[in-house]
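Listing of model_24.csv; format and content: CSV, C-alpha atoms and all ligand atoms.
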```
chain,number,residue,atom,x,y,z
A,1,MET,CA,4.6,-21.4,2.2
A,2,CYS,CA,6.8,-22.6,5.1
A,3,ARG,CA,7.9,-25.5,3.0
A,4,ILE,CA,8.9,-23.3,0.1
A,5,ILE,CA,10.9,-21.0,2.3
A,6,LYS,CA,12.7,-24.0,3.7
A,7,ASP,CA,13.3,-25.5,0.2
A,8,ILE,CA,14.6,-22.2,-1.3
A,9,GLY,CA,16.9,-21.5,1.6
A,10,PHE,CA,17.4,-17.9,0.7
A,11,LYS,CA,20.1,-16.0,2.5
A,12,CYS,CA,20.6,-12.2,2.2
A,13,THR,CA,24.1,-11.3,1.2
A,14,LEU,CA,23.6,-7.5,1.8
A,15,CYS,CA,23.9,-6.6,-1.9
A,16,GLY,CA,21.3,-3.9,-1.4
A,17,LYS,CA,19.6,-4.8,-4.7
A,18,CYS,CA,16.1,-5.2,-3.1
A,19,CYS,CA,16.1,-1.5,-2.3
A,20,THR,CA,16.7,-0.3,-5.9
A,21,LYS,CA,14.4,0.4,-8.8
A,22,GLU,CA,16.2,-2.3,-10.8
A,23,PHE,CA,14.6,-4.8,-8.5
A,24,ASN,CA,11.5,-3.0,-7.2
A,25,ASP,CA,9.7,-0.3,-9.0
A,26,HIS,CA,8.6,1.4,-5.8
A,27,VAL,CA,8.2,0.7,-2.1
A,28,PHE,CA,4.4,0.7,-1.5
A,29,LEU,CA,3.3,1.7,2.0
A,30,LEU,CA,0.5,0.0,3.9
A,31,THR,CA,-1.9,2.3,5.9
A,32,GLU,CA,0.0,1.5,9.1
A,33,ASP,CA,3.3,2.4,7.4
A,34,LEU,CA,1.8,5.6,6.2
A,35,LYS,CA,1.0,6.8,9.7
A,36,LYS,CA,4.6,6.3,10.7
A,37,ALA,CA,5.9,7.8,7.5
A,38,LYS,CA,3.8,10.9,7.9
A,39,LYS,CA,5.1,11.4,11.4
A,40,SER,CA,8.8,10.8,10.8
A,41,TYR,CA,9.5,10.9,7.0
A,42,ALA,CA,6.7,13.2,5.6
A,43,GLU,CA,9.1,14.7,3.0
A,44,GLN,CA,9.9,11.2,1.6
A,45,ILE,CA,6.5,10.0,0.5
A,46,VAL,CA,4.4,10.4,-2.6
A,47,PRO,CA,1.2,9.0,-4.0
A,48,ALA,CA,2.1,5.5,-5.3
A,49,PRO,CA,2.7,5.5,-9.1
A,50,TYR,CA,0.3,3.8,-11.6
A,51,CYS,CA,-3.0,5.3,-10.6
A,52,GLU,CA,-5.9,2.9,-10.8
A,53,ILE,CA,-8.4,5.3,-12.3
A,54,CYS,CA,-9.0,8.8,-13.7
A,55,ASP,CA,-12.4,10.5,-13.5
A,56,ASN,CA,-14.2,12.6,-16.0
A,57,ASN,CA,-12.7,15.7,-14.5
A,58,GLY,CA,-9.1,14.5,-15.0
A,59,ASN,CA,-8.4,13.6,-11.4
A,60,PHE,CA,-6.5,10.4,-10.6
A,61,TYR,CA,-7.1,7.9,-7.8
A,62,VAL,CA,-4.5,5.5,-6.2
A,63,SER,CA,-4.7,3.1,-3.4
A,64,GLY,CA,-1.9,4.4,-1.3
A,65,TYR,CA,1.5,6.1,-1.0
A,66,ALA,CA,5.1,5.0,-1.8
A,67,LEU,CA,8.6,6.1,-0.9
A,68,LYS,CA,10.5,8.5,-3.1
A,69,SER,CA,13.7,7.3,-4.7
A,70,LYS,CA,17.0,8.9,-5.6
A,71,ASN,CA,18.0,9.9,-9.0
A,72,ASN,CA,19.8,6.7,-9.6
A,73,GLY,CA,16.8,4.6,-8.6
A,74,ASP,CA,17.9,3.7,-5.1
A,75,CYS,CA,15.4,4.0,-2.3
A,76,ILE,CA,15.7,7.3,-0.6
A,77,PHE,CA,16.8,5.6,2.6
A,78,LEU,CA,19.5,3.4,1.0
A,79,GLU,CA,23.1,4.5,1.7
A,80,ASN,CA,26.2,2.5,0.9
A,81,LYS,CA,23.9,-0.6,0.4
A,82,ARG,CA,22.4,-0.2,3.9
A,83,CYS,CA,19.1,1.0,5.0
A,84,LYS,CA,19.4,4.2,7.0
A,85,ILE,CA,16.2,3.5,8.9
A,86,TYR,CA,16.6,-0.3,9.2
A,87,ASN,CA,15.1,-0.7,12.7
A,88,ASP,CA,12.2,1.5,11.6
A,89,ARG,CA,11.7,0.2,8.1
A,90,PHE,CA,8.4,-0.6,6.5
A,91,PHE,CA,6.3,-3.8,6.5
A,92,ILE,CA,7.2,-4.8,2.9
A,93,CYS,CA,10.9,-4.1,3.7
A,94,ARG,CA,10.7,-6.6,6.6
A,95,VAL,CA,9.2,-9.5,4.5
A,96,TYR,CA,10.9,-8.9,1.1
A,97,PRO,CA,12.0,-10.9,-0.9
A,98,TYR,CA,9.3,-13.2,0.4
A,99,MET,CA,5.9,-12.4,-1.0
A,100,LEU,CA,2.5,-13.7,-1.9
A,101,HIS,CA,1.8,-12.0,-5.1
A,102,ARG,CA,-0.9,-12.9,-7.6
A,103,GLU,CA,0.5,-13.1,-11.1
A,104,ARG,CA,-0.7,-14.6,-14.4
A,105,ASP,CA,1.5,-17.2,-16.0
A,106,GLU,CA,2.0,-17.3,-19.8
A,107,ASN,CA,-1.3,-19.2,-20.1
A,108,GLY,CA,-3.3,-16.6,-18.2
A,109,LYS,CA,-3.6,-18.8,-15.1
A,110,VAL,CA,-3.3,-16.8,-11.9
A,111,GLN,CA,-0.5,-18.1,-9.6
A,112,TRP,CA,1.0,-17.0,-6.3
A,113,ARG,CA,4.6,-15.8,-6.7
A,114,GLN,CA,6.3,-16.5,-3.4
A,115,ILE,CA,9.8,-15.0,-3.7
A,116,SER,CA,11.0,-12.1,-5.7
A,117,GLY,CA,14.1,-12.1,-7.9
A,118,LEU,CA,14.7,-15.8,-7.5
A,119,ASN,CA,18.4,-16.6,-8.3
A,120,GLU,CA,19.1,-12.9,-9.0
A,121,HIS,CA,20.3,-12.0,-5.5
A,122,GLY,CA,21.4,-13.6,-2.3
A,123,GLU,CA,22.4,-17.2,-1.7
A,124,TYR,CA,20.3,-20.3,-1.8
A,125,ASN,CA,20.0,-23.7,-0.3
A,126,THR,CA,21.1,-22.5,3.1
A,127,GLU,CA,19.6,-24.0,6.3
A,128,ILE,CA,16.7,-22.1,7.8
A,129,SER,CA,15.3,-23.1,11.1
A,130,ASP,CA,11.7,-24.3,11.2
A,131,ASP,CA,10.8,-21.5,13.6
A,132,LEU,CA,12.2,-18.9,11.2
A,133,CYS,CA,10.4,-20.4,8.2
A,134,ARG,CA,7.2,-20.3,10.2
A,135,SER,CA,7.5,-16.7,11.4
A,136,THR,CA,8.6,-15.6,7.9
A,137,ALA,CA,5.5,-17.3,6.3
A,138,ILE,CA,3.2,-15.8,8.9
A,139,GLU,CA,4.5,-12.3,8.4
A,140,THR,CA,4.5,-12.6,4.6
A,141,ILE,CA,0.8,-13.8,4.6
A,142,GLU,CA,-0.1,-11.0,7.0
A,143,TYR,CA,1.5,-8.5,4.6
A,144,GLU,CA,-0.5,-9.7,1.7
A,145,LYS,CA,-3.7,-9.8,3.7
A,146,LYS,CA,-3.2,-6.2,4.8
A,147,PHE,CA,-2.4,-5.2,1.2
A,148,LEU,CA,-5.5,-6.8,-0.2
A,149,GLU,CA,-7.7,-5.3,2.5
A,150,GLN,CA,-6.3,-1.9,1.6
A,151,GLU,CA,-7.1,-2.5,-2.0
A,152,ARG,CA,-10.6,-3.6,-1.1
A,153,ASP,CA,-11.2,-0.5,1.1
A,154,PHE,CA,-9.8,1.7,-1.6
A,155,PHE,CA,-12.3,0.4,-4.2
A,156,ARG,CA,-15.2,0.6,-1.8
A,157,CYS,CA,-14.3,4.2,-0.9
A,158,LEU,CA,-13.9,5.0,-4.6
A,159,GLN,CA,-17.2,3.5,-5.5
A,160,SER,CA,-19.0,5.6,-2.8
A,161,LEU,CA,-17.2,8.8,-3.9
A,162,PHE,CA,-18.1,8.2,-7.6
A,163,ILE,CA,-21.7,7.6,-6.8
A,164,GLU,CA,-21.9,10.6,-4.4
A,165,LYS,CA,-20.3,13.0,-6.9
A,166,ASN,CA,-21.7,11.4,-10.0
A,167,LEU,CA,-18.2,10.7,-11.4
A,168,ARG,CA,-17.2,8.2,-14.0
A,169,PRO,CA,-13.9,6.7,-15.0
A,170,VAL,CA,-12.6,7.7,-18.4
A,171,ARG,CA,-9.7,5.8,-19.9
A,172,LYS,CA,-9.1,8.4,-22.7
A,173,ILE,CA,-8.6,11.2,-20.2
A,174,TYR,CA,-6.3,8.9,-18.1
A,175,ASP,CA,-4.0,8.3,-21.1
A,176,GLU,CA,-4.0,12.0,-22.2
A,177,ASN,CA,-3.2,13.3,-18.7
A,178,MET,CA,-0.6,10.6,-18.2
A,179,ARG,CA,1.2,11.7,-21.3
A,180,LYS,CA,1.2,15.2,-20.0
A,181,PHE,CA,2.6,13.9,-16.7
A,182,ASP,CA,5.3,12.1,-18.5
A,183,LYS,CA,6.3,15.4,-20.2
A,184,GLY,CA,6.6,17.1,-16.8
A,185,GLU,CA,3.2,18.6,-16.2
A,186,SER,CA,1.4,18.4,-12.9
A,187,ILE,CA,-1.6,16.1,-12.2
A,188,THR,CA,-4.1,15.9,-9.4
A,189,VAL,CA,-4.0,12.6,-7.5
A,190,PHE,CA,-6.3,11.6,-4.8
A,191,ALA,CA,-4.4,9.0,-2.7
A,192,PHE,CA,-6.2,6.7,-0.3
A,193,ASN,CA,-5.1,6.9,3.4
A,194,GLY,CA,-7.0,4.0,4.7
A,195,GLU,CA,-10.2,6.0,5.3
A,196,SER,CA,-10.5,8.7,2.7
A,197,PHE,CA,-8.8,10.4,-0.1
A,198,GLU,CA,-6.1,13.1,0.2
A,199,LYS,CA,-5.6,15.5,-2.6
A,200,ASN,CA,-2.0,15.8,-4.0
A,201,ILE,CA,-0.9,17.9,-6.9
A,202,ILE,CA,2.3,16.3,-8.2
A,203,SER,CA,4.6,16.2,-11.2
A,204,LYS,CA,7.3,13.7,-12.2
A,205,CYS,CA,10.0,15.4,-10.3
A,206,ASP,CA,8.2,14.9,-7.0
A,207,TYR,CA,9.1,11.2,-7.2
A,208,ILE,CA,12.8,11.9,-6.9
A,209,SER,CA,14.3,13.3,-3.7
B,301,LIG,S1,13.2,1.7,3.6
B,301,LIG,FE1,15.2,0.7,3.9
B,301,LIG,S2,14.8,-1.5,3.6
B,301,LIG,FE2,13.0,-0.4,2.8
B,301,LIG,S3,13.5,-0.2,0.6
B,301,LIG,FE3,14.3,1.7,1.6
B,301,LIG,S4,16.4,1.2,2.1
B,301,LIG,FE4,15.4,-0.7,1.6
```
Would it be possible to restate this file's structure as structure tokens?
Amino acid sequence: MCRIIKDIGFKCTLCGKCCTKEFNDHVFLLTEDLKKAKKSYAEQIVPAPYCEICDNNGNFYVSGYALKSKNNGDCIFLENKRCKIYNDRFFICRVYPYMLHRERDENGKVQWRQISGLNEHGEYNTEISDDLCRSTAIETIEYEKKFLEQERDFFRCLQSLFIEKNLRPVRKIYDENMRKFDKGESITVFAFNGESFEKNIISKCDYIS
């Protein structure tokens, strides 16, 4: 990964695109981010969109929380192309646009994507010191590791809950309730906080601040 960072030579030009829906559908919070967000920015978080599962009672489950956005799709903390909480920003905000994201190519083969929005923002082929390449790579890998651990813990917790409560996932109810949600109705989402699920009753308007 160090080598790729060096070869790409990405330099941020402060365009602010990374912090908009145009570039990133949502800002996902790791469990450690969530603790900070609940303490300092509780009004600005929502269960992450795209719930993984809906049970036979119509309740949704998702692996974490995300930041709200503004009406125009900007992150709630973006102002004049600058982050209002820059020194306190979240893990993904520190590593982006670097990433280690699993994606299927056109042949279905899973690859690791290592930078987001290549050639769509910033400058390239700039000189980056070996030390910075190394620390960026370490932080990017650490982010992905924590993200995957959170996903793993979420599915373990979900499995235990479904067994204990005798629940089952139902795709048809998922689709029906999502259609209602898209029309503005409320849904119940159990969001994973790293240890257990928290109940949220939300509608589409809750994603915009
Ligand atoms: S918290 Fe700051 S850095 Fe992170 S997406 Fe929002 S504006 Fe950008």
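If all atoms listed in the file are the atoms counted, then among A:Arg102, A:Cys19, A:Ile202, A:Gln114 the closest residue to A:Phe190 is A:Ile202.
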Check: Which is closer to ligand LIG 301 (chain B) than all the others in A:Leu167, A:Ile92, A:Cys133, A:Ile138, using only C-alpha atoms and all ligand atoms?
Finding: A:Ile92
Notebook entry, point to check: What's the 12 Å shell around A:Val27, counting all atoms listed in the file, without same-chain residues fewer than 6 positions away, as a PyMOL selection string?
Noted result: chain A and resi 18-21+33-34+44-49+64-69+73-77+89-94+96+207
Notebook entry, point to check: From the set A:Cys157, A:Lys38, A:Ser63, A:Ile4, which residue has the shortest atom-to-atom contact distance to A:Ala191, counting all atoms listed in the file?
Noted result: A:Ser63
Check: So which one's closest to ligand LIG 301 (chain B), A:Asn80, A:Asn72, A:Thr136, A:Asn57? Using all atoms listed in the file, please.
Finding: A:Asn80
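With distances restricted to only C-alpha atoms, A:Lys11 is the closest residue to A:Gly122 from A:Tyr98, A:Ser135, A:Asn193, A:Lys11.
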Got a minute to add N, CA and C atoms to stretch 36-61 of chain A and dump it as a PDB file, keeping the file's coordinate frame?
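Saved file selection37.pdb follows:
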```pdb
ATOM      1  N   LYS A  36       3.214   6.064  10.229  1.00  0.00           N
ATOM      2  CA  LYS A  36       4.600   6.300  10.700  1.00  0.00           C
ATOM      3  C   LYS A  36       5.352   7.196   9.779  1.00  0.00           C
ATOM      4  N   ALA A  37       5.193   6.974   8.482  1.00  0.00           N
ATOM      5  CA  ALA A  37       5.900   7.800   7.500  1.00  0.00           C
ATOM      6  C   ALA A  37       5.540   9.256   7.598  1.00  0.00           C
ATOM      7  N   LYS A  38       4.259   9.513   7.798  1.00  0.00           N
ATOM      8  CA  LYS A  38       3.800  10.900   7.900  1.00  0.00           C
ATOM      9  C   LYS A  38       4.398  11.603   9.094  1.00  0.00           C
ATOM     10  N   LYS A  39       4.555  10.823  10.156  1.00  0.00           N
ATOM     11  CA  LYS A  39       5.100  11.400  11.400  1.00  0.00           C
ATOM     12  C   LYS A  39       6.589  11.641  11.302  1.00  0.00           C
ATOM     13  N   SER A  40       7.293  10.673  10.739  1.00  0.00           N
ATOM     14  CA  SER A  40       8.800  10.800  10.800  1.00  0.00           C
ATOM     15  C   SER A  40       9.438  11.073   9.466  1.00  0.00           C
ATOM     16  N   TYR A  41       8.771  10.771   8.344  1.00  0.00           N
ATOM     17  CA  TYR A  41       9.500  10.900   7.000  1.00  0.00           C
ATOM     18  C   TYR A  41       8.536  11.575   6.017  1.00  0.00           C
ATOM     19  N   ALA A  42       7.793  12.582   6.454  1.00  0.00           N
ATOM     20  CA  ALA A  42       6.700  13.200   5.600  1.00  0.00           C
ATOM     21  C   ALA A  42       7.266  13.657   4.246  1.00  0.00           C
ATOM     22  N   GLU A  43       8.518  14.116   4.226  1.00  0.00           N
ATOM     23  CA  GLU A  43       9.100  14.700   3.000  1.00  0.00           C
ATOM     24  C   GLU A  43       9.423  13.555   1.976  1.00  0.00           C
ATOM     25  N   GLN A  44       9.423  12.319   2.426  1.00  0.00           N
ATOM     26  CA  GLN A  44       9.900  11.200   1.600  1.00  0.00           C
ATOM     27  C   GLN A  44       8.818  10.363   0.973  1.00  0.00           C
ATOM     28  N   ILE A  45       7.580  10.801   1.093  1.00  0.00           N
ATOM     29  CA  ILE A  45       6.500  10.000   0.500  1.00  0.00           C
ATOM     30  C   ILE A  45       5.748  10.707  -0.573  1.00  0.00           C
ATOM     31  N   VAL A  46       5.212   9.904  -1.482  1.00  0.00           N
ATOM     32  CA  VAL A  46       4.400  10.400  -2.600  1.00  0.00           C
ATOM     33  C   VAL A  46       3.273   9.460  -2.885  1.00  0.00           C
ATOM     34  N   PRO A  47       2.215   9.925  -3.547  1.00  0.00           N
ATOM     35  CA  PRO A  47       1.200   9.000  -4.000  1.00  0.00           C
ATOM     36  C   PRO A  47       1.835   7.861  -4.807  1.00  0.00           C
ATOM     37  N   ALA A  48       1.441   6.626  -4.579  1.00  0.00           N
ATOM     38  CA  ALA A  48       2.100   5.500  -5.300  1.00  0.00           C
ATOM     39  C   ALA A  48       1.856   5.721  -6.827  1.00  0.00           C
ATOM     40  N   PRO A  49       2.837   5.323  -7.629  1.00  0.00           N
ATOM     41  CA  PRO A  49       2.700   5.500  -9.100  1.00  0.00           C
ATOM     42  C   PRO A  49       1.628   4.488  -9.611  1.00  0.00           C
ATOM     43  N   TYR A  50       1.292   4.644 -10.878  1.00  0.00           N
ATOM     44  CA  TYR A  50       0.300   3.800 -11.600  1.00  0.00           C
ATOM     45  C   TYR A  50      -1.071   3.868 -10.956  1.00  0.00           C
ATOM     46  N   CYS A  51      -1.638   5.049 -11.085  1.00  0.00           N
ATOM     47  CA  CYS A  51      -3.000   5.300 -10.600  1.00  0.00           C
ATOM     48  C   CYS A  51      -3.973   4.300 -11.177  1.00  0.00           C
ATOM     49  N   GLU A  52      -4.949   3.888 -10.372  1.00  0.00           N
ATOM     50  CA  GLU A  52      -5.900   2.900 -10.800  1.00  0.00           C
ATOM     51  C   GLU A  52      -6.909   3.492 -11.831  1.00  0.00           C
ATOM     52  N   ILE A  53      -7.310   4.735 -11.564  1.00  0.00           N
ATOM     53  CA  ILE A  53      -8.400   5.300 -12.300  1.00  0.00           C
ATOM     54  C   ILE A  53      -8.296   6.797 -12.469  1.00  0.00           C
ATOM     55  N   CYS A  54      -8.867   7.314 -13.554  1.00  0.00           N
ATOM     56  CA  CYS A  54      -9.000   8.800 -13.700  1.00  0.00           C
ATOM     57  C   CYS A  54     -10.427   9.102 -13.964  1.00  0.00           C
ATOM     58  N   ASP A  55     -10.927  10.138 -13.300  1.00  0.00           N
ATOM     59  CA  ASP A  55     -12.400  10.500 -13.500  1.00  0.00           C
ATOM     60  C   ASP A  55     -12.582  11.408 -14.641  1.00  0.00           C
ATOM     61  N   ASN A  56     -13.824  11.735 -14.890  1.00  0.00           N
ATOM     62  CA  ASN A  56     -14.200  12.600 -16.000  1.00  0.00           C
ATOM     63  C   ASN A  56     -13.699  14.019 -15.890  1.00  0.00           C
ATOM     64  N   ASN A  57     -13.223  14.398 -14.683  1.00  0.00           N
ATOM     65  CA  ASN A  57     -12.700  15.700 -14.500  1.00  0.00           C
ATOM     66  C   ASN A  57     -11.129  15.732 -14.607  1.00  0.00           C
ATOM     67  N   GLY A  58     -10.563  14.565 -14.880  1.00  0.00           N
ATOM     68  CA  GLY A  58      -9.100  14.500 -15.000  1.00  0.00           C
ATOM     69  C   GLY A  58      -8.354  14.227 -13.745  1.00  0.00           C
ATOM     70  N   ASN A  59      -9.069  13.907 -12.671  1.00  0.00           N
ATOM     71  CA  ASN A  59      -8.400  13.600 -11.400  1.00  0.00           C
ATOM     72  C   ASN A  59      -8.110  12.104 -11.290  1.00  0.00           C
ATOM     73  N   PHE A  60      -6.913  11.797 -10.771  1.00  0.00           N
ATOM     74  CA  PHE A  60      -6.500  10.400 -10.600  1.00  0.00           C
ATOM     75  C   PHE A  60      -6.763   9.892  -9.214  1.00  0.00           C
ATOM     76  N   TYR A  61      -6.840   8.570  -9.084  1.00  0.00           N
ATOM     77  CA  TYR A  61      -7.100   7.900  -7.800  1.00  0.00           C
ATOM     78  C   TYR A  61      -6.101   6.752  -7.655  1.00  0.00           C
TER      79      TYR A  61
END
```
